[in-house]
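Source file: coords04.txt; contents: compact mmCIF, C-alpha atoms and all ligand atoms.
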# COMPACT_ATOMS: atom_id res chain seq x y z
CA MET A 16 -44.17 -22.64 -135.37
CA VAL A 17 -41.71 -25.17 -134.00
CA TYR A 18 -39.52 -24.76 -137.02
CA VAL A 19 -39.57 -20.99 -136.70
CA VAL A 20 -38.51 -21.21 -133.06
CA TRP A 21 -35.69 -23.59 -133.88
CA GLY A 22 -34.69 -21.55 -136.89
CA VAL A 23 -34.12 -18.65 -134.54
CA ALA A 24 -32.28 -20.93 -132.12
CA VAL A 25 -29.94 -22.09 -134.85
CA VAL A 26 -29.17 -18.56 -135.96
CA VAL A 27 -28.31 -17.67 -132.39
CA LEU A 28 -26.32 -20.86 -131.93
CA VAL A 29 -24.24 -20.16 -135.01
CA GLY A 30 -23.97 -16.48 -134.11
CA THR A 31 -22.79 -17.44 -130.65
CA ASP A 32 -20.05 -19.55 -132.14
CA LYS A 33 -18.70 -16.44 -133.80
CA GLN A 34 -19.24 -14.04 -130.96
CA GLY A 35 -17.82 -16.01 -128.09
CA GLY A 36 -20.89 -17.20 -126.27
CA ASN A 37 -22.57 -14.05 -125.08
CA CYS A 38 -26.06 -14.47 -126.39
CA LYS A 39 -28.45 -13.78 -123.59
CA PHE A 40 -31.59 -15.39 -124.87
CA PHE A 41 -31.77 -18.63 -126.78
CA TRP A 42 -28.26 -19.84 -126.21
CA GLY A 43 -28.78 -21.75 -123.09
CA SER A 44 -31.69 -22.41 -120.91
CA THR A 45 -33.26 -25.18 -119.05
CA PHE A 46 -36.39 -25.22 -121.10
CA HIS A 47 -35.50 -28.78 -121.95
CA VAL A 48 -35.16 -29.30 -125.62
CA SER A 49 -36.31 -32.86 -124.99
CA THR A 50 -39.74 -31.32 -125.11
CA ILE A 51 -39.48 -30.95 -128.90
CA PRO A 52 -41.66 -34.01 -129.54
CA ARG A 53 -44.22 -32.52 -127.20
CA MET A 54 -44.03 -29.16 -128.96
CA GLN A 55 -45.81 -30.17 -132.10
CA SER A 56 -49.47 -29.63 -131.52
CA SER A 57 -49.99 -25.91 -131.03
CA SER A 58 -48.27 -22.74 -129.99
CA ASN A 59 -50.27 -22.92 -126.82
CA THR A 60 -48.67 -26.25 -126.03
CA ILE A 61 -45.28 -24.78 -126.76
CA LEU A 62 -45.83 -22.06 -124.23
CA GLN A 63 -47.03 -24.52 -121.64
CA THR A 64 -44.05 -26.77 -122.26
CA LEU A 65 -41.45 -24.04 -122.26
CA HIS A 66 -42.90 -22.30 -119.29
CA PRO A 67 -44.07 -24.92 -116.83
CA THR A 68 -44.20 -22.21 -114.17
CA PRO A 69 -44.27 -18.69 -115.56
CA THR A 70 -42.53 -17.23 -112.56
CA ASN A 71 -39.33 -19.21 -112.90
CA ALA A 72 -39.11 -19.67 -116.65
CA LEU A 73 -37.41 -16.37 -117.42
CA SER A 74 -34.99 -16.71 -114.57
CA LEU A 75 -34.03 -20.20 -115.78
CA ILE A 76 -33.39 -18.90 -119.29
CA CYS A 77 -31.30 -16.05 -117.96
CA MET A 78 -29.31 -18.15 -115.53
CA HIS A 79 -28.02 -20.85 -117.86
CA ARG A 80 -26.31 -20.26 -121.15
CA TYR A 81 -26.35 -23.78 -122.49
CA PHE A 82 -28.72 -26.53 -123.43
CA ILE A 83 -29.30 -29.40 -121.05
CA LYS A 84 -30.44 -31.60 -123.93
CA THR A 85 -28.51 -31.05 -127.13
CA PRO A 86 -30.91 -29.86 -129.84
CA TRP A 87 -31.25 -32.27 -132.75
CA ILE A 88 -30.46 -29.42 -135.12
CA ALA A 89 -27.04 -28.90 -133.47
CA LYS A 90 -26.36 -32.60 -133.98
CA LYS A 91 -27.29 -32.23 -137.64
CA ILE A 92 -25.10 -29.17 -138.18
CA PHE A 93 -22.10 -30.63 -136.39
CA PHE A 94 -22.63 -34.13 -137.70
CA ASN A 95 -18.94 -35.00 -137.55
CA TYR A 96 -19.03 -35.03 -133.78
CA ILE A 97 -20.39 -37.87 -131.65
CA TRP A 98 -23.44 -36.71 -129.71
CA SER A 99 -25.01 -40.04 -128.84
CA LEU A 100 -24.55 -43.64 -129.86
CA PRO A 101 -26.88 -46.00 -131.67
CA ALA A 102 -29.82 -46.83 -129.46
CA THR A 103 -29.36 -50.54 -129.30
CA GLY A 104 -31.13 -52.07 -126.36
CA ARG A 105 -31.05 -49.84 -123.31
CA ASP A 106 -27.39 -48.82 -123.36
CA ILE A 107 -26.43 -45.49 -121.85
CA TYR A 108 -23.06 -43.79 -121.73
CA LEU A 109 -22.14 -41.86 -118.59
CA SER A 110 -19.09 -39.63 -118.88
CA PHE A 111 -17.04 -37.68 -116.35
CA ASP A 112 -14.99 -34.63 -117.28
CA ASP A 113 -12.11 -32.74 -115.69
CA GLY A 114 -10.53 -35.45 -113.51
CA PRO A 115 -8.75 -37.32 -112.30
CA HIS A 116 -9.18 -35.99 -108.79
CA PRO A 117 -7.53 -37.76 -105.85
CA GLU A 118 -10.73 -38.16 -103.81
CA ILE A 119 -13.67 -37.57 -106.10
CA THR A 120 -12.62 -39.91 -108.93
CA PRO A 121 -12.10 -42.90 -106.57
CA TRP A 122 -15.51 -42.14 -105.05
CA VAL A 123 -17.05 -42.23 -108.54
CA LEU A 124 -15.20 -45.46 -109.39
CA ASP A 125 -16.42 -47.15 -106.19
CA LEU A 126 -19.98 -46.18 -106.98
CA LEU A 127 -19.75 -47.35 -110.59
CA ALA A 128 -18.35 -50.69 -109.42
CA GLN A 129 -21.25 -51.06 -107.00
CA TYR A 130 -23.67 -50.77 -109.94
CA GLU A 131 -21.50 -52.78 -112.34
CA ALA A 132 -21.42 -49.69 -114.53
CA LYS A 133 -18.77 -48.70 -117.03
CA ALA A 134 -18.20 -45.08 -117.99
CA SER A 135 -15.87 -42.75 -119.90
CA PHE A 136 -13.53 -40.27 -118.24
CA PHE A 137 -12.36 -37.26 -120.24
CA CYS A 138 -9.23 -36.36 -118.35
CA ILE A 139 -7.25 -33.13 -118.12
CA GLY A 140 -3.60 -33.92 -118.90
CA ASN A 141 -2.34 -31.83 -116.01
CA ASN A 142 -4.50 -33.81 -113.57
CA VAL A 143 -3.23 -37.10 -114.99
CA ALA A 144 0.32 -35.86 -114.36
CA LEU A 145 -0.63 -35.01 -110.77
CA TYR A 146 -2.56 -38.19 -110.02
CA PRO A 147 -1.23 -40.97 -112.25
CA GLU A 148 -2.37 -43.71 -109.87
CA VAL A 149 -5.97 -42.53 -110.05
CA TYR A 150 -5.74 -42.45 -113.85
CA LYS A 151 -4.35 -45.97 -113.81
CA ARG A 152 -7.22 -47.12 -111.63
CA ILE A 153 -9.73 -45.76 -114.19
CA THR A 154 -8.22 -47.83 -116.99
CA ASN A 155 -7.55 -50.88 -114.79
CA GLU A 156 -11.23 -51.03 -113.91
CA GLY A 157 -12.25 -51.19 -117.56
CA HIS A 158 -13.52 -47.67 -118.14
CA ALA A 159 -12.73 -45.59 -121.23
CA VAL A 160 -10.51 -42.54 -121.08
CA GLY A 161 -10.46 -39.54 -123.37
CA ASN A 162 -8.32 -36.46 -123.93
CA HIS A 163 -9.72 -33.18 -122.53
CA THR A 164 -6.60 -31.07 -123.34
CA TYR A 165 -3.71 -30.56 -120.91
CA HIS A 166 -4.77 -27.19 -119.52
CA HIS A 167 -8.54 -27.26 -120.09
CA LEU A 168 -8.37 -24.79 -122.96
CA ASN A 169 -11.27 -22.97 -124.53
CA GLY A 170 -10.89 -23.63 -128.27
CA TRP A 171 -12.66 -20.43 -129.22
CA LYS A 172 -10.08 -18.37 -127.33
CA THR A 173 -6.98 -20.34 -128.30
CA SER A 174 -4.95 -20.30 -131.49
CA GLU A 175 -4.99 -23.45 -133.58
CA ALA A 176 -1.32 -24.20 -132.96
CA ALA A 177 -1.54 -23.66 -129.21
CA TYR A 178 -4.68 -25.79 -128.99
CA ILE A 179 -3.27 -28.72 -130.91
CA GLY A 180 0.01 -28.44 -128.97
CA ASP A 181 -1.93 -28.70 -125.72
CA VAL A 182 -3.88 -31.74 -126.93
CA LYS A 183 -0.58 -33.31 -127.95
CA GLN A 184 0.88 -32.71 -124.50
CA ALA A 185 -2.13 -34.42 -122.95
CA ALA A 186 -1.89 -37.27 -125.46
CA GLN A 187 1.54 -38.14 -124.07
CA LEU A 188 -0.25 -39.19 -120.87
CA ILE A 189 -3.70 -40.17 -122.12
CA ASP A 190 -3.79 -43.03 -124.59
CA SER A 191 -7.04 -42.45 -126.44
CA LYS A 192 -8.48 -41.43 -129.78
CA LEU A 193 -11.47 -39.89 -128.00
CA PHE A 194 -11.42 -36.15 -127.48
CA ARG A 195 -13.88 -33.87 -125.75
CA PRO A 196 -13.26 -30.13 -126.08
CA PRO A 197 -13.48 -28.25 -122.78
CA TYR A 198 -16.74 -26.22 -122.64
CA GLY A 199 -17.71 -28.00 -125.87
CA LYS A 200 -15.94 -25.17 -127.69
CA ILE A 201 -13.74 -26.12 -130.59
CA ARG A 202 -13.22 -24.56 -134.01
CA SER A 203 -13.67 -26.77 -137.04
CA ARG A 204 -10.02 -26.38 -138.07
CA GLN A 205 -8.88 -27.40 -134.61
CA ALA A 206 -11.17 -30.43 -134.80
CA LYS A 207 -9.82 -31.36 -138.23
CA ASN A 208 -6.23 -31.16 -137.01
CA LEU A 209 -6.85 -33.55 -134.12
CA VAL A 210 -5.98 -36.39 -136.47
CA ASN A 211 -2.39 -35.11 -136.57
CA VAL A 212 -2.15 -35.73 -132.84
CA LEU A 213 -4.59 -38.51 -132.01
CA GLY A 214 -4.45 -40.49 -135.24
CA GLU A 215 -6.73 -41.07 -138.18
CA ASP A 216 -9.60 -42.40 -136.08
CA ALA A 217 -9.64 -39.46 -133.67
CA ARG A 218 -13.23 -38.73 -132.63
CA VAL A 219 -14.72 -35.63 -131.05
CA VAL A 220 -17.17 -36.81 -128.41
CA MET A 221 -19.77 -34.29 -127.32
CA TRP A 222 -22.95 -35.22 -125.45
CA ASP A 223 -26.67 -35.64 -125.57
CA VAL A 224 -27.45 -34.59 -122.00
CA LEU A 225 -25.69 -32.30 -119.53
CA SER A 226 -26.41 -32.93 -115.86
CA GLY A 227 -25.52 -29.32 -115.01
CA ASP A 228 -23.66 -30.60 -111.93
CA PHE A 229 -21.10 -27.78 -112.30
CA ASP A 230 -23.78 -25.12 -112.04
CA ARG A 231 -24.67 -23.78 -108.59
CA ALA A 232 -27.71 -22.09 -110.08
CA PHE A 233 -29.32 -25.54 -110.15
CA THR A 234 -30.43 -27.46 -107.13
CA SER A 235 -29.29 -31.08 -106.89
CA GLN A 236 -32.86 -32.14 -107.52
CA GLN A 237 -32.85 -30.14 -110.77
CA CYS A 238 -29.57 -31.78 -111.83
CA TYR A 239 -31.12 -35.18 -111.20
CA GLU A 240 -34.16 -34.25 -113.26
CA ASN A 241 -31.96 -32.79 -116.01
CA VAL A 242 -30.63 -36.31 -116.46
CA ILE A 243 -33.59 -38.57 -115.96
CA ARG A 244 -36.04 -36.45 -117.96
CA ASN A 245 -33.76 -36.15 -120.97
CA ILE A 246 -31.99 -39.47 -121.40
CA ALA A 247 -32.88 -42.09 -123.96
CA PRO A 248 -31.12 -45.28 -125.04
CA GLY A 249 -27.79 -44.30 -126.60
CA SER A 250 -27.51 -41.00 -124.71
CA ILE A 251 -24.09 -39.72 -123.72
CA VAL A 252 -24.46 -37.94 -120.37
CA VAL A 253 -21.97 -35.51 -118.84
CA PHE A 254 -20.97 -35.28 -115.19
CA HIS A 255 -17.77 -33.88 -113.70
CA ASP A 256 -15.38 -35.53 -111.25
CA SER A 257 -14.27 -32.12 -110.03
CA GLU A 258 -14.45 -30.15 -106.80
CA LYS A 259 -16.72 -27.60 -108.39
CA ALA A 260 -19.31 -30.22 -109.29
CA PHE A 261 -19.01 -32.47 -106.25
CA PRO A 262 -21.66 -30.78 -104.06
CA HIS A 263 -24.22 -31.83 -106.69
CA LEU A 264 -22.48 -34.97 -107.92
CA LYS A 265 -22.40 -36.64 -104.50
CA ILE A 266 -26.19 -36.36 -104.31
CA VAL A 267 -27.12 -36.80 -107.94
CA LEU A 268 -24.91 -39.66 -109.13
CA PRO A 269 -26.11 -42.28 -106.62
CA ARG A 270 -29.72 -41.38 -107.44
CA VAL A 271 -29.11 -41.49 -111.19
CA LEU A 272 -27.41 -44.88 -110.95
CA GLU A 273 -30.30 -46.22 -108.91
CA PHE A 274 -32.76 -44.83 -111.45
CA LEU A 275 -30.87 -46.37 -114.37
CA LYS A 276 -30.71 -49.73 -112.64
CA GLU A 277 -34.44 -49.69 -111.92
CA ALA A 278 -35.12 -48.66 -115.51
CA ASN A 279 -33.02 -51.57 -116.81
CA TYR A 280 -30.38 -49.43 -118.49
CA SER A 281 -26.91 -50.89 -119.18
CA MET A 282 -24.23 -48.36 -118.34
CA LYS A 283 -21.41 -48.71 -120.85
CA LYS A 284 -18.17 -47.02 -121.79
CA ILE A 285 -17.82 -45.26 -125.13
CA ASP A 286 -16.08 -47.76 -127.37
CA LEU A 287 -15.71 -46.50 -130.93
ZN ZN A 301 -14.04 -29.76 -118.81
What is this file in C-alpha cells?
Amino acid sequence: MVYVVWGVAVVVLVGTDKQGGNCKFFWGSTFHVSTIPRMQSSSNTILQTLHPTPTNALSLICMHRYFIKTPWIAKKIFFNYIWSLPATGRDIYLSFDDGPHPEITPWVLDLLAQYEAKASFFCIGNNVALYPEVYKRITNEGHAVGNHTYHHLNGWKTSEAAYIGDVKQAAQLIDSKLFRPPYGKIRSRQAKNLVNVLGEDARVVMWDVLSGDFDRAFTSQQCYENVIRNIAPGSIVVFHDSEKAFPHLKIVLPRVLEFLKEANYSMKKIDL
C-alpha cells in the first residue's frame, strides 16, 4: 500500500516537473513524509498518520504545494543533488536563503553566535551587491555561502542561457561552488551546465526539511514543528533571512536553536 501511494506521488512529482508545478493533490502537503517509517503496518495506520485530525487534513494538503520533508524517492531520483549529509554524530545543517538582508541577516548571525552554531547562507547576487558588508560578515564569522542566482530565477521558467548567465553574474560576487536553485526548480541541463560557471566541483544543494517560514498559511508553531518533527542527524534544513519569512523566523529560529542545543545537535556549515 505504501509503495502504491508513493508510486502515485512520484508520478505526480515528475508530472509536476513538466507542467510547471500546478498539481493540486500530492505535490505538496504537510502530511509529513517523515511518517513513512510509521506508515508500514496497515492502511488504517496510514490514514491515521496522514490525517491526524480529519478536519484540517484536506485544508493542509490544499494550502501547501510542497513537501516539508523531502521524500526519499525524490532523493533517489535526483541523486546528483545534495539533500542531506552523512549522519555522523549529531550534526545538522541549517541554511538560510534569499539574503543578505541589512537587518534580518545580522539578527540571524547574532543568534547563531549565541549558540555557537555555523550555518550556510544561499545568497541572492543582487542582495550581495546591495549589502556587501553583511555578506562579508557572514563569511568572516565562519559560515558557508552559496549561490542562489542573481535575480532569484525560477529555472523552470528561464532559458538555459539566461539561467546560467544569471548564476555567473552572482558568482562574480559569491565565491562558492555550492548552488541552491530558487524554489528548488532547476532543469537537469541547467544543473549540468553549472560546472561551466562554478567549476568542476559545483554542487547543487537542496534540502531534507523545509521550515515553511515563508508560508503565512502556517502558524509559527507549525513551522517549529515542521523542523523538530522531521530532522535527523545529517539533515539540511531551510530557513529564509528575508522580510517575507521574518514574522515566523523571529519566533521559530530561537526555539529551534534551543531545541537543537538541548538535543545535543552540532550545528555545522555545509562543507563539501
Ligand atoms: Zn530563494
Dump the neighbourhood of ligand ZN 301 (chain A) as a list in words: all residues within 9 Å, distances computed on all atoms listed in the file.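 What falls inside 9 Å of ligand ZN 301 (chain A) is Phe111, Asp112, Asp113, Gly114, Phe137, Cys138, Ile139, His163, Thr164, His167, Leu168, Arg195, Pro196, Pro197, Tyr198, Gly199 and His255 of chain A.
Distances to Lys200 (chain A) were evaluated for A:Val160, A:Leu213, A:Asn169, A:Val224 using all atoms listed in the file, and the minimum falls at A:Asn169.
Put simply, CA of Ser226 (chain A) is 25.1 Å away from CA of Tyr146 (chain A).
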Name the residues, using the chain letters and numbers of the file, that sit within 10 Å of (-11.9, -38.9, -130.2) when counting all atoms listed in the file, and give them as a list in words. Tyr96, Ile97, Val160, Gly161, Asn162, His163, Ser191, Lys192, Leu193, Phe194, Arg195, Pro196, Ala206, Leu209, Val210, Leu213, Gly214, Glu215, Asp216, Ala217, Arg218, Val219, Val220, Met221 and Leu287 of chain A
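Nearest-residue note for Leu145 (chain A): choosing from A:Gln236, A:Phe82, A:Gly227, A:His116, the minimum distance belongs to A:His116, counting only C-alpha atoms.
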What box, with edges along x, y and z, holds each listed atom of region 137-152 of chain A when 6 Å is added on every side, and can you state its centre and edge lengths in Å to one decimal, as AutoDock Vina command-line options?
--center_x -6.0 --center_y -39.5 --center_z -115.1 --size_x 24.7 --size_y 27.3 --size_z 22.4
Have a look at CA of Ile246 (chain A) and CA of Ala278 (chain A) and let me know their distance in Å, one decimal.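 Value for the CA of Ile246 (chain A)-CA of Ala278 (chain A) distance: 11.4 Å.
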Please identify all polymer residues within 9 Å of region 262-272 of chain A, counting all atoms listed in the file, omitting same-chain residues fewer than 5 positions from it, and present them as a VMD selection string. chain A and resid 119 122 to 123 126 to 127 130 132 226 to 231 233 to 236 238 to 239 242 to 243 254 to 257 277 282
Protein/DNA/RNA residues near (-27.5, -33.5, -130.8), cut 10 Å, all atoms listed in the file, as a list in words: Lys84, Thr85, Pro86, Trp87, Ile88, Ala89, Lys90, Lys91, Ile92, Phe93, Phe94, Tyr96, Ile97, Trp98, Ser99, Met221, Trp222, Asp223, Val224 and Ser250 of chain A
So that I can check the surroundings of Glu156 (chain A), please list as a list in words every protein, DNA and RNA residue that reaches within 12 Å of it, counting all atoms listed in the file and ignoring chain neighbours fewer than 4 positions away. Pro121, Val123, Leu124, Asp125, Leu127, Ala128, Glu131, Ala132, Lys133, Ala134, Ser135, Phe136, Val149, Tyr150, Lys151, Arg152, Val160 and Lys284 of chain A
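Atom pair CA of Leu275 (chain A) / CA of Asn241 (chain A): separated by 13.7 Å.
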Name the residues in contact with Leu188 (chain A) at a cut-off of 9 Å, using only C-alpha atoms, excluding same-chain residues fewer than 5 positions from it; report them as a PyMOL selection string. chain A and resi 140+143-144+147
Within 10 Å of Gly249 (chain A), counting only C-alpha atoms, which residues qualify if same-chain residues fewer than 4 places away don't, as a PyMOL selection string? chain A and resi 98-108+223+280-283
